[in-house]
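This is structure14.txt. It holds compact mmCIF, C-alpha atoms.
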# COMPACT_ATOMS: atom_id res chain seq x y z
CA MET A 1 -6.74 10.02 8.00
CA ASN A 2 -9.81 10.33 10.19
CA THR A 3 -11.82 7.34 11.44
CA PHE A 4 -14.59 7.66 8.86
CA GLY A 5 -12.05 8.01 6.06
CA HIS A 6 -10.44 4.73 7.15
CA ILE A 7 -13.78 2.91 7.38
CA PHE A 8 -15.02 4.20 4.02
CA PHE A 9 -11.79 3.46 2.17
CA ALA A 10 -11.45 -0.06 3.61
CA ASN A 11 -15.03 -0.87 2.68
CA LEU A 12 -14.47 0.63 -0.79
CA LEU A 13 -11.62 -1.83 -1.34
CA LEU A 14 -13.86 -4.64 -0.11
CA VAL A 15 -16.95 -3.71 -2.15
CA PHE A 16 -15.13 -3.04 -5.42
CA GLY A 17 -12.20 -5.43 -5.01
CA ALA A 18 -13.85 -8.48 -3.49
CA PRO A 19 -17.58 -8.19 -4.27
CA SER A 20 -18.08 -11.96 -3.88
CA ILE A 21 -17.42 -11.81 -0.13
CA VAL A 22 -19.41 -8.65 0.66
CA SER A 23 -21.91 -9.24 3.46
CA PRO A 24 -22.91 -7.31 6.59
CA THR A 25 -20.45 -9.48 8.57
CA THR A 26 -17.46 -8.81 6.30
CA LEU A 27 -18.33 -5.10 6.07
CA MET A 28 -18.36 -4.94 9.87
CA ALA A 29 -15.11 -6.93 10.15
CA THR A 30 -13.38 -4.64 7.62
CA SER A 31 -14.60 -1.53 9.46
CA ILE A 32 -13.34 -2.80 12.82
CA ALA A 33 -9.97 -3.85 11.37
CA ALA A 34 -9.66 -0.46 9.67
CA VAL A 35 -9.95 1.49 12.93
CA ILE A 36 -8.66 -0.87 15.61
CA THR A 37 -5.06 0.16 14.82
CA ASP A 38 -5.88 3.70 15.98
CA LEU A 39 -6.58 2.49 19.54
CA ASP A 40 -3.01 3.37 20.51
CA HIS A 41 -3.90 7.04 19.97
CA LEU A 42 -6.28 6.92 22.94
CA ALA A 43 -3.42 7.25 25.40
CA HIS A 44 -2.58 10.61 23.78
CA LEU A 45 -6.15 11.89 23.45
CA ARG A 46 -5.71 14.73 25.95
CA THR A 47 -2.64 16.12 24.17
CA ALA A 48 -4.35 15.70 20.80
CA LEU A 49 -7.35 17.70 21.97
CA LYS A 50 -5.01 20.57 22.81
CA THR A 51 -2.88 20.44 19.65
CA ARG A 52 -5.81 19.23 17.48
CA ARG A 53 -3.73 16.50 15.91
CA PHE A 54 -2.15 13.14 16.68
CA LYS A 55 1.57 13.52 16.06
CA SER A 56 3.70 10.71 14.70
CA GLU A 57 5.12 10.20 18.23
CA THR A 58 1.69 8.98 19.36
CA ARG A 59 2.00 5.98 17.04
CA THR A 60 3.26 2.81 18.72
CA ARG A 61 5.08 -0.05 16.96
CA TRP A 62 1.67 -1.67 16.31
CA HIS A 63 0.75 1.33 14.17
CA GLU A 64 3.74 0.87 11.85
CA LEU A 65 5.31 -1.87 9.69
CA PRO A 66 5.85 -4.32 12.61
CA GLY A 67 2.13 -3.93 13.39
CA LEU A 68 1.17 -4.47 9.76
CA LEU A 69 3.34 -7.60 9.71
CA LEU A 70 1.57 -8.96 12.78
CA ALA A 71 -1.88 -7.96 11.44
CA MET A 72 -1.19 -9.76 8.16
CA ILE A 73 -0.06 -12.92 9.98
CA ALA A 74 -3.21 -12.80 12.14
CA SER A 75 -5.38 -12.32 9.04
CA VAL A 76 -3.79 -15.27 7.24
CA ALA A 77 -4.32 -17.39 10.36
CA PHE A 78 -7.95 -16.28 10.36
CA MET A 79 -8.28 -17.34 6.70
CA PHE A 80 -7.92 -21.00 7.77
CA PHE A 81 -11.00 -20.50 9.92
CA SER A 82 -13.00 -18.39 7.45
CA GLU A 83 -11.52 -17.23 4.14
CA PRO A 84 -13.96 -14.32 3.51
CA LEU A 85 -13.62 -13.02 7.06
CA GLY A 86 -9.82 -13.32 6.96
CA ARG A 87 -9.72 -11.47 3.64
CA ALA A 88 -12.04 -8.76 4.96
CA ILE A 89 -9.87 -8.25 8.06
CA LEU A 90 -6.72 -8.16 5.92
CA ILE A 91 -8.26 -5.49 3.66
CA GLY A 92 -9.16 -3.41 6.73
CA PHE A 93 -5.65 -3.55 8.20
CA VAL A 94 -3.74 -2.96 4.96
CA SER A 95 -5.99 -0.05 3.92
CA HIS A 96 -5.29 1.65 7.26
CA TYR A 97 -1.51 1.55 6.82
CA PHE A 98 -1.89 2.59 3.19
CA LEU A 99 -3.93 5.72 4.00
CA ASP A 100 -1.73 6.68 6.95
CA LEU A 101 1.49 6.34 4.96
CA LEU A 102 -0.01 8.37 2.14
CA THR A 103 -1.48 11.25 4.12
CA ARG A 104 0.32 11.45 7.48
CA PRO A 105 3.86 11.60 8.81
CA THR A 106 4.66 8.08 10.02
CA ARG A 107 7.63 6.21 11.48
CA PRO A 108 7.42 2.99 9.42
CA PHE A 109 10.36 1.19 11.04
CA TYR A 110 9.65 2.23 14.62
CA PRO A 111 11.08 1.04 17.09
CA LEU A 112 14.05 0.09 14.87
CA SER A 113 14.25 3.65 13.58
CA GLU A 114 12.68 6.93 14.70
CA LYS A 115 12.85 8.35 11.17
CA VAL A 116 9.61 10.16 10.25
CA VAL A 117 8.42 9.60 6.69
CA PHE A 118 6.06 12.01 4.95
CA LEU A 119 5.33 11.57 1.25
CA GLY A 120 4.10 15.11 0.71
CA LEU A 121 0.76 14.14 -0.83
CA ALA A 122 -1.32 15.87 1.87
CA PRO A 123 -1.01 19.37 3.35
CA ARG A 124 0.74 19.78 6.74
CA ASN A 125 -1.12 22.93 7.68
CA LEU A 126 -3.90 21.97 10.13
CA LYS A 127 -6.69 23.95 8.44
CA LYS A 128 -5.81 22.71 4.97
CA LEU A 129 -5.40 19.16 6.27
CA THR A 130 -8.86 19.24 7.87
CA ALA A 131 -10.41 20.43 4.61
CA TYR A 132 -8.40 17.83 2.63
CA ASP A 133 -9.56 15.05 5.00
CA ALA A 134 -13.19 16.21 4.80
CA VAL A 135 -13.21 16.25 0.99
CA ILE A 136 -11.48 12.85 0.67
CA THR A 137 -13.76 11.29 3.31
CA ALA A 138 -16.90 12.66 1.62
CA LEU A 139 -15.66 11.37 -1.73
CA PHE A 140 -14.98 7.89 -0.31
CA GLY A 141 -18.41 7.94 1.40
CA VAL A 142 -20.29 8.83 -1.79
CA ILE A 143 -18.45 6.18 -3.86
CA LEU A 144 -19.03 3.58 -1.13
CA ILE A 145 -22.77 4.31 -0.96
CA ALA A 146 -22.95 4.05 -4.76
CA GLY A 147 -21.04 0.75 -4.62
CA LEU A 148 -23.25 -0.71 -1.88
CA HIS A 149 -26.31 0.42 -3.81
CA GLY A 150 -24.93 -1.25 -6.94
CA GLN A 151 -24.40 -4.49 -5.00
CA GLY A 152 -27.98 -4.39 -3.76
CA ILE A 153 -26.87 -4.21 -0.10
CA LEU A 154 -28.08 -0.67 0.39
CA SER A 155 -31.24 0.66 -1.25
CA ILE A 156 -31.47 4.41 -1.71
CA MET B 1 28.50 -5.72 -14.04
CA GLY B 2 30.45 -2.72 -12.77
CA ARG B 3 30.48 -1.18 -16.25
CA ALA B 4 26.75 -1.69 -16.63
CA PHE B 5 26.22 -0.01 -13.29
CA SER B 6 28.36 3.01 -14.20
CA ALA B 7 26.53 3.25 -17.57
CA PHE B 8 23.26 3.25 -15.63
CA ARG B 9 24.59 6.06 -13.42
CA MET B 10 25.56 8.05 -16.52
CA ILE B 11 21.98 8.06 -17.84
CA GLN B 12 20.61 9.29 -14.52
CA LYS B 13 21.79 12.89 -14.92
CA PRO B 14 20.37 13.31 -18.45
CA VAL B 15 17.00 12.12 -17.11
CA LEU B 16 16.73 15.42 -15.25
CA THR B 17 17.76 17.49 -18.29
CA GLN B 18 15.46 15.56 -20.61
CA PHE B 19 12.47 15.84 -18.30
CA PRO B 20 12.78 19.23 -16.52
CA ILE B 21 9.58 18.56 -14.56
CA LEU B 22 11.52 15.95 -12.56
CA GLN B 23 13.77 18.72 -11.20
CA ARG B 24 10.78 20.24 -9.43
CA VAL B 25 9.38 16.94 -8.14
CA ASP B 26 10.52 15.45 -4.85
CA ALA B 27 11.66 11.81 -4.96
CA ASP B 28 9.41 11.00 -1.98
CA MET B 29 6.43 12.37 -3.87
CA ILE B 30 7.16 10.01 -6.77
CA SER B 31 7.22 7.14 -4.23
CA GLY B 32 3.85 8.39 -2.99
CA LEU B 33 2.47 8.38 -6.53
CA SER B 34 3.60 4.79 -7.02
CA LEU B 35 1.69 3.98 -3.82
CA VAL B 36 -1.44 5.77 -5.11
CA PHE B 37 -1.54 3.51 -8.18
CA SER B 38 -1.34 0.30 -6.10
CA PRO B 39 -5.07 0.15 -5.15
CA VAL B 40 -5.89 0.67 -8.84
CA ALA B 41 -3.72 -2.35 -9.67
CA TYR B 42 -5.52 -4.28 -6.91
CA LEU B 43 -8.97 -3.37 -8.29
CA LEU B 44 -7.96 -4.26 -11.86
CA LEU B 45 -6.55 -7.62 -10.69
CA SER B 46 -9.77 -8.29 -8.79
CA GLU B 47 -11.73 -7.64 -11.98
CA ARG B 48 -9.35 -10.01 -13.86
CA ALA B 49 -8.54 -7.16 -16.25
CA ILE B 50 -5.14 -8.75 -16.83
CA PHE B 51 -3.78 -6.47 -19.57
CA ALA B 52 -4.79 -3.32 -17.65
CA SER B 53 -3.30 -4.74 -14.43
CA ILE B 54 -0.03 -5.54 -16.22
CA ILE B 55 0.15 -1.89 -17.32
CA MET B 56 -0.73 -0.65 -13.83
CA VAL B 57 1.80 -2.89 -12.01
CA PHE B 58 4.40 -1.82 -14.60
CA LEU B 59 3.54 1.84 -13.89
CA VAL B 60 3.92 1.25 -10.14
CA LEU B 61 7.32 -0.34 -10.71
CA LEU B 62 8.35 2.40 -13.14
CA LEU B 63 7.52 5.14 -10.63
CA ASP B 64 9.30 3.13 -7.95
CA ALA B 65 12.43 3.01 -10.11
CA LEU B 66 12.06 6.67 -11.08
CA ASP B 67 12.13 7.89 -7.50
CA GLY B 68 15.51 6.23 -6.99
CA ILE B 69 16.83 7.69 -10.24
CA VAL B 70 15.63 11.20 -9.34
CA ALA B 71 17.04 10.93 -5.79
CA ARG B 72 20.44 9.78 -7.11
CA ALA B 73 20.52 12.42 -9.87
CA LYS B 74 19.77 15.13 -7.30
CA GLY B 75 22.29 13.69 -4.87
CA GLN B 76 19.59 13.07 -2.27
CA THR B 77 20.48 9.46 -1.53
CA SER B 78 20.49 8.60 2.16
CA LYS B 79 19.38 5.97 4.63
CA ASP B 80 16.22 8.03 5.14
CA GLY B 81 15.44 7.75 1.43
CA TRP B 82 15.94 4.01 1.64
CA MET B 83 13.38 3.85 4.45
CA VAL B 84 10.81 5.82 2.45
CA ASP B 85 11.39 3.59 -0.56
CA VAL B 86 11.21 0.31 1.36
CA SER B 87 8.16 1.25 3.43
CA VAL B 88 6.27 2.43 0.33
CA ASP B 89 7.26 -0.77 -1.51
CA ARG B 90 6.04 -3.03 1.29
CA VAL B 91 2.66 -1.30 1.67
CA SER B 92 2.24 -1.20 -2.13
CA GLU B 93 2.96 -4.96 -2.23
CA ALA B 94 0.49 -5.58 0.59
CA ILE B 95 -2.25 -3.72 -1.32
CA ILE B 96 -1.60 -5.56 -4.60
CA CYS B 97 -1.47 -8.99 -2.93
CA LEU B 98 -5.00 -8.49 -1.56
CA ALA B 99 -6.32 -9.60 -4.97
CA LEU B 100 -4.03 -12.62 -5.19
CA SER B 101 -3.85 -16.08 -3.65
CA ARG B 102 -2.57 -16.92 -0.17
CA VAL B 103 0.86 -17.78 -1.60
CA PHE B 104 1.39 -14.11 -2.49
CA ILE B 105 0.09 -12.93 0.87
CA VAL B 106 2.55 -15.23 2.67
CA LEU B 107 5.39 -14.00 0.41
CA THR B 108 4.40 -10.40 1.22
CA ILE B 109 4.58 -11.21 4.93
CA ILE B 110 8.03 -12.77 4.46
CA ASN B 111 9.13 -9.68 2.52
CA MET B 112 7.90 -7.39 5.26
CA GLY B 113 9.86 -9.41 7.82
CA LEU B 114 12.93 -9.19 5.56
CA ALA B 115 12.50 -5.39 5.33
CA LEU B 116 12.49 -5.09 9.13
CA LEU B 117 15.52 -7.37 9.38
CA SER B 118 17.25 -5.31 6.66
CA CYS B 119 16.70 -2.19 8.75
CA HIS B 120 18.02 -3.91 11.87
CA TYR B 121 21.10 -5.53 10.28
CA LYS B 122 21.67 -2.71 7.75
CA LYS B 123 21.81 -5.17 4.85
CA HIS B 124 19.27 -4.99 2.05
CA ALA B 125 17.57 -8.34 1.36
CA ILE B 126 14.18 -8.32 -0.33
CA ILE B 127 12.24 -10.70 -2.60
CA PRO B 128 11.37 -8.79 -5.82
CA LEU B 129 7.74 -9.79 -5.40
CA ARG B 130 6.02 -7.16 -7.56
CA GLN B 131 8.48 -7.78 -10.37
CA ALA B 132 7.79 -11.52 -10.10
CA THR B 133 4.04 -10.82 -10.08
CA LEU B 134 4.41 -8.75 -13.25
CA VAL B 135 6.29 -11.58 -15.01
CA ILE B 136 3.69 -14.16 -13.92
CA LEU B 137 0.88 -11.86 -15.10
CA VAL B 138 2.55 -11.45 -18.52
CA VAL B 139 2.96 -15.24 -18.82
CA TYR B 140 -0.67 -15.68 -17.71
CA PHE B 141 -1.81 -13.17 -20.34
CA VAL B 142 0.22 -14.77 -23.13
CA LEU B 143 -0.74 -18.38 -22.33
CA GLN B 144 -4.49 -17.86 -22.21
CA SER B 145 -5.22 -20.70 -24.65
CA HIS B 146 -2.55 -23.06 -23.26
CA PRO B 147 -3.39 -25.97 -20.88
CA VAL B 148 -0.98 -24.53 -18.29
CA PHE B 149 -3.29 -21.51 -18.03
CA PHE B 150 -5.56 -23.37 -15.60
CA TYR B 151 -2.67 -23.99 -13.17
CA LEU B 152 -1.51 -20.40 -13.43
CA GLU B 153 -5.04 -19.23 -12.67
CA GLN B 154 -5.09 -21.47 -9.59
CA PHE B 155 -1.66 -20.22 -8.49
CA LEU B 156 -2.50 -16.55 -8.98
CA PHE B 157 -6.10 -16.18 -7.98
CA CYS B 158 -7.41 -19.25 -6.18
CA TRP B 159 -8.46 -18.36 -2.60

Rendering of file as structure tokens:
Amino acid sequence: MNTFGHIFFANLLLVFGAPSIVSPTTLMATSIAAVITDLDHLAHLRTALKTRRFKSETRTRWHELPGLLLAMIASVAFMFFSEPLGRAILIGFVSHYFLDLLTRPTRPFYPLSEKVVFLGLAPRNLKKLTAYDAVITALFGVILIAGLHGQGILSI
Amino acid sequence: MGRAFSAFRMIQKPVLTQFPILQRVDADMISGLSLVFSPVAYLLLSERAIFASIIMVFLVLLLDALDGIVARAKGQTSKDGWMVDVSVDRVSEAIICLALSRVFIVLTIINMGLALLSCHYKKHAIIPLRQATLVILVVYFVLQSHPVFFYLEQFLFCW
């Protein structure tokens, strides 16, 4: 999923799932946690610009289940310092892996296994995938704005 | 135990003849559907809609079981299928545990570690966490007027 899709979906889970901890700080923390996993793509940016997509080979171990395991441990450790912030970070990380596993080919057990997993719930064709991503991202964005408006954080 | 297992295998083939739609559906896609329902279960748990969350977690588990049944009935069982199943299960668990107490988050972490070890040592060892959550939710729902309810609430939802 694209960066905005990750940010919107993570914040959706925060706003609708944990409304008691929603604040500008937790929204920011969730957004950062939702995209920080994608930093490993940067090393492959030049290739991605040519092929117009990040292939599953561009995902390091920190972008798969071992990374999620580490992210969850870090989030729980953070909860001892600040429960809302730890929860917000956890939501950001988990939502990222969720969306990627659902819509992209991934290698969940990398480096233990190179097996690529694709659940078939998103198109593989680049044009169709771009349209699919755009629609889903717009949908997440609209629902998020409505949710933030409902919480009184954003006034339209 | 062996007889029960072979009886279970015998009902797998008729599943495909009874529900012809399953012949056209890929087992991985059913796993994906079970994953799609996990955030719904998380949102319902967050809202303390216990009955609805019981139904949703049950649906997630049902779809999770169905993908295995379909894969076996179609003869598509492989180590690759196991990886799809386990990775979907772990992420689904991680999403559902977001609404629950730290105990469940820690158990999810342990389960994820066990999944990685299972892949490394080629031996399946997992805590049936979602199944346990479902049982606890049913008990929680049934005992709403019982004094033990307070402790269950603390165990399940206290942050």

### Message
For a test of reading the model, state the distance in Å between atom CA of B:Leu143 and atom CA of B:Phe157, rounded to one decimal.
### Response
15.5 Å

### Top pick for closest residue to A:Thr137, considering A:Leu85, A:Leu90, A:Leu99, A:Val76 and counting all atoms listed in the file
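Comparing A:Leu85, A:Leu90, A:Leu99, A:Val76 against A:Thr137, the winner is A:Leu99.
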
### Query
Which residues come within 12 Å of A:Ala146, counting all atoms listed in the file, excluding same-chain residues fewer than 4 positions away, as a list in words?
Phe8, Asn11, Leu12, Val15, Phe16, Leu139, Phe140, Gly141, Val142, Gly150, Gln151, Gly152, Ile153, Leu154, Ser155 and Ile156 of chain A

#### Entry: Polymer residues at most 7 Å from stretch 47-61 of chain B, only C-alpha atoms, same-chain spacing of 3 or more positions, as a ChimeraX atom specification
/B:34,37-38,41,43-44,64-65,134,137-138,141

For the selection just defined, write its residues with C-alpha atoms to a file, as a PDB file, in the frame of the given file.
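See again38.pdb below for the written result:
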ATOM      1  CA  SER B  34       3.600   4.790  -7.020  1.00  0.00           C
ATOM      2  CA  PHE B  37      -1.540   3.510  -8.180  1.00  0.00           C
ATOM      3  CA  SER B  38      -1.340   0.300  -6.100  1.00  0.00           C
ATOM      4  CA  ALA B  41      -3.720  -2.350  -9.670  1.00  0.00           C
ATOM      5  CA  LEU B  43      -8.970  -3.370  -8.290  1.00  0.00           C
ATOM      6  CA  LEU B  44      -7.960  -4.260 -11.860  1.00  0.00           C
ATOM      7  CA  ASP B  64       9.300   3.130  -7.950  1.00  0.00           C
ATOM      8  CA  ALA B  65      12.430   3.010 -10.110  1.00  0.00           C
ATOM      9  CA  LEU B 134       4.410  -8.750 -13.250  1.00  0.00           C
ATOM     10  CA  LEU B 137       0.880 -11.860 -15.100  1.00  0.00           C
ATOM     11  CA  VAL B 138       2.550 -11.450 -18.520  1.00  0.00           C
ATOM     12  CA  PHE B 141      -1.810 -13.170 -20.340  1.00  0.00           C
TER      13      PHE B 141
END

### Task
Report the distance between atom CA of B:Gln131 and atom CA of B:Glu93 in Å, rounded to one decimal place.
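These two atoms are separated by 10.2 Å.
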
Taking only residues of chain B that have an atom at most 9 Å from an atom of chain A, what is each one's shortest atom pair and its distance in Å to one decimal, using all atoms listed in the file, in chain and number order, as a Markdown table?
| residue | atom | partner | partner_atom | distance |
| --- | --- | --- | --- | --- |
| B:Asp26 | CA | A:Gly120 | CA | 8.5 |
| B:Ala27 | CA | A:Leu119 | CA | 8.9 |
| B:Asp28 | CA | A:Leu119 | CA | 5.2 |
| B:Met29 | CA | A:Leu119 | CA | 5.3 |
| B:Ile30 | CA | A:Leu119 | CA | 8.4 |
| B:Ser31 | CA | A:Leu119 | CA | 7.3 |
| B:Gly32 | CA | A:Leu119 | CA | 5.5 |
| B:Leu33 | CA | A:Leu121 | CA | 8.3 |
| B:Leu35 | CA | A:Leu102 | CA | 7.6 |
| B:Val36 | CA | A:Leu102 | CA | 7.8 |
| B:Pro39 | CA | A:Leu13 | CA | 7.8 |
| B:Tyr42 | CA | A:Gly17 | CA | 7.0 |
| B:Leu43 | CA | A:Gly17 | CA | 5.0 |
| B:Leu44 | CA | A:Gly17 | CA | 8.1 |
| B:Leu45 | CA | A:Gly17 | CA | 8.3 |
| B:Ser46 | CA | A:Gly17 | CA | 5.3 |
| B:Glu47 | CA | A:Gly17 | CA | 7.3 |
| B:Asp80 | CA | A:Lys115 | CA | 6.9 |
| B:Gly81 | CA | A:Val117 | CA | 9.0 |
| B:Met83 | CA | A:Phe109 | CA | 7.7 |
| B:Val84 | CA | A:Val117 | CA | 6.2 |
| B:Ser87 | CA | A:Pro108 | CA | 6.3 |
| B:Val88 | CA | A:Leu101 | CA | 7.7 |
| B:Arg90 | CA | A:Leu65 | CA | 8.5 |
| B:Val91 | CA | A:Phe98 | CA | 6.2 |
| B:Ser92 | CA | A:Phe98 | CA | 7.7 |
| B:Ala94 | CA | A:Val94 | CA | 6.6 |
| B:Ile95 | CA | A:Val94 | CA | 6.5 |
| B:Leu98 | CA | A:Ile91 | CA | 6.8 |
| B:Ala99 | CA | A:Gly17 | CA | 7.2 |
| B:Arg102 | CA | A:Val76 | CA | 7.7 |
| B:Ile105 | CA | A:Val76 | CA | 7.8 |
| B:Val106 | CA | A:Val76 | CA | 7.8 |
| B:Thr108 | CA | A:Met72 | CA | 8.9 |
| B:Ile109 | CA | A:Leu69 | CA | 6.1 |
| B:Ile110 | CA | A:Leu69 | CA | 8.7 |
| B:Met112 | CA | A:Leu69 | CA | 6.4 |
| B:Gly113 | CA | A:Leu69 | CA | 7.0 |
| B:Ala115 | CA | A:Phe109 | CA | 9.0 |
| B:Leu116 | CA | A:Phe109 | CA | 6.9 |
| B:Cys119 | CA | A:Leu112 | CA | 7.0 |
| B:His120 | CA | A:Leu112 | CA | 6.4 |
| B:Trp159 | CA | A:Glu83 | CA | 7.5 |

Just C-alpha atoms for this one: save the residues we selected as a compact mmCIF listing (two decimals), in the coordinates of the input.
# COMPACT_ATOMS: atom_id res chain seq x y z
CA ASP B 26 10.52 15.45 -4.85
CA ALA B 27 11.66 11.81 -4.96
CA ASP B 28 9.41 11.00 -1.98
CA MET B 29 6.43 12.37 -3.87
CA ILE B 30 7.16 10.01 -6.77
CA SER B 31 7.22 7.14 -4.23
CA GLY B 32 3.85 8.39 -2.99
CA LEU B 33 2.47 8.38 -6.53
CA LEU B 35 1.69 3.98 -3.82
CA VAL B 36 -1.44 5.77 -5.11
CA PRO B 39 -5.07 0.15 -5.15
CA TYR B 42 -5.52 -4.28 -6.91
CA LEU B 43 -8.97 -3.37 -8.29
CA LEU B 44 -7.96 -4.26 -11.86
CA LEU B 45 -6.55 -7.62 -10.69
CA SER B 46 -9.77 -8.29 -8.79
CA GLU B 47 -11.73 -7.64 -11.98
CA ASP B 80 16.22 8.03 5.14
CA GLY B 81 15.44 7.75 1.43
CA MET B 83 13.38 3.85 4.45
CA VAL B 84 10.81 5.82 2.45
CA SER B 87 8.16 1.25 3.43
CA VAL B 88 6.27 2.43 0.33
CA ARG B 90 6.04 -3.03 1.29
CA VAL B 91 2.66 -1.30 1.67
CA SER B 92 2.24 -1.20 -2.13
CA ALA B 94 0.49 -5.58 0.59
CA ILE B 95 -2.25 -3.72 -1.32
CA LEU B 98 -5.00 -8.49 -1.56
CA ALA B 99 -6.32 -9.60 -4.97
CA ARG B 102 -2.57 -16.92 -0.17
CA ILE B 105 0.09 -12.93 0.87
CA VAL B 106 2.55 -15.23 2.67
CA THR B 108 4.40 -10.40 1.22
CA ILE B 109 4.58 -11.21 4.93
CA ILE B 110 8.03 -12.77 4.46
CA MET B 112 7.90 -7.39 5.26
CA GLY B 113 9.86 -9.41 7.82
CA ALA B 115 12.50 -5.39 5.33
CA LEU B 116 12.49 -5.09 9.13
CA CYS B 119 16.70 -2.19 8.75
CA HIS B 120 18.02 -3.91 11.87
CA TRP B 159 -8.46 -18.36 -2.60
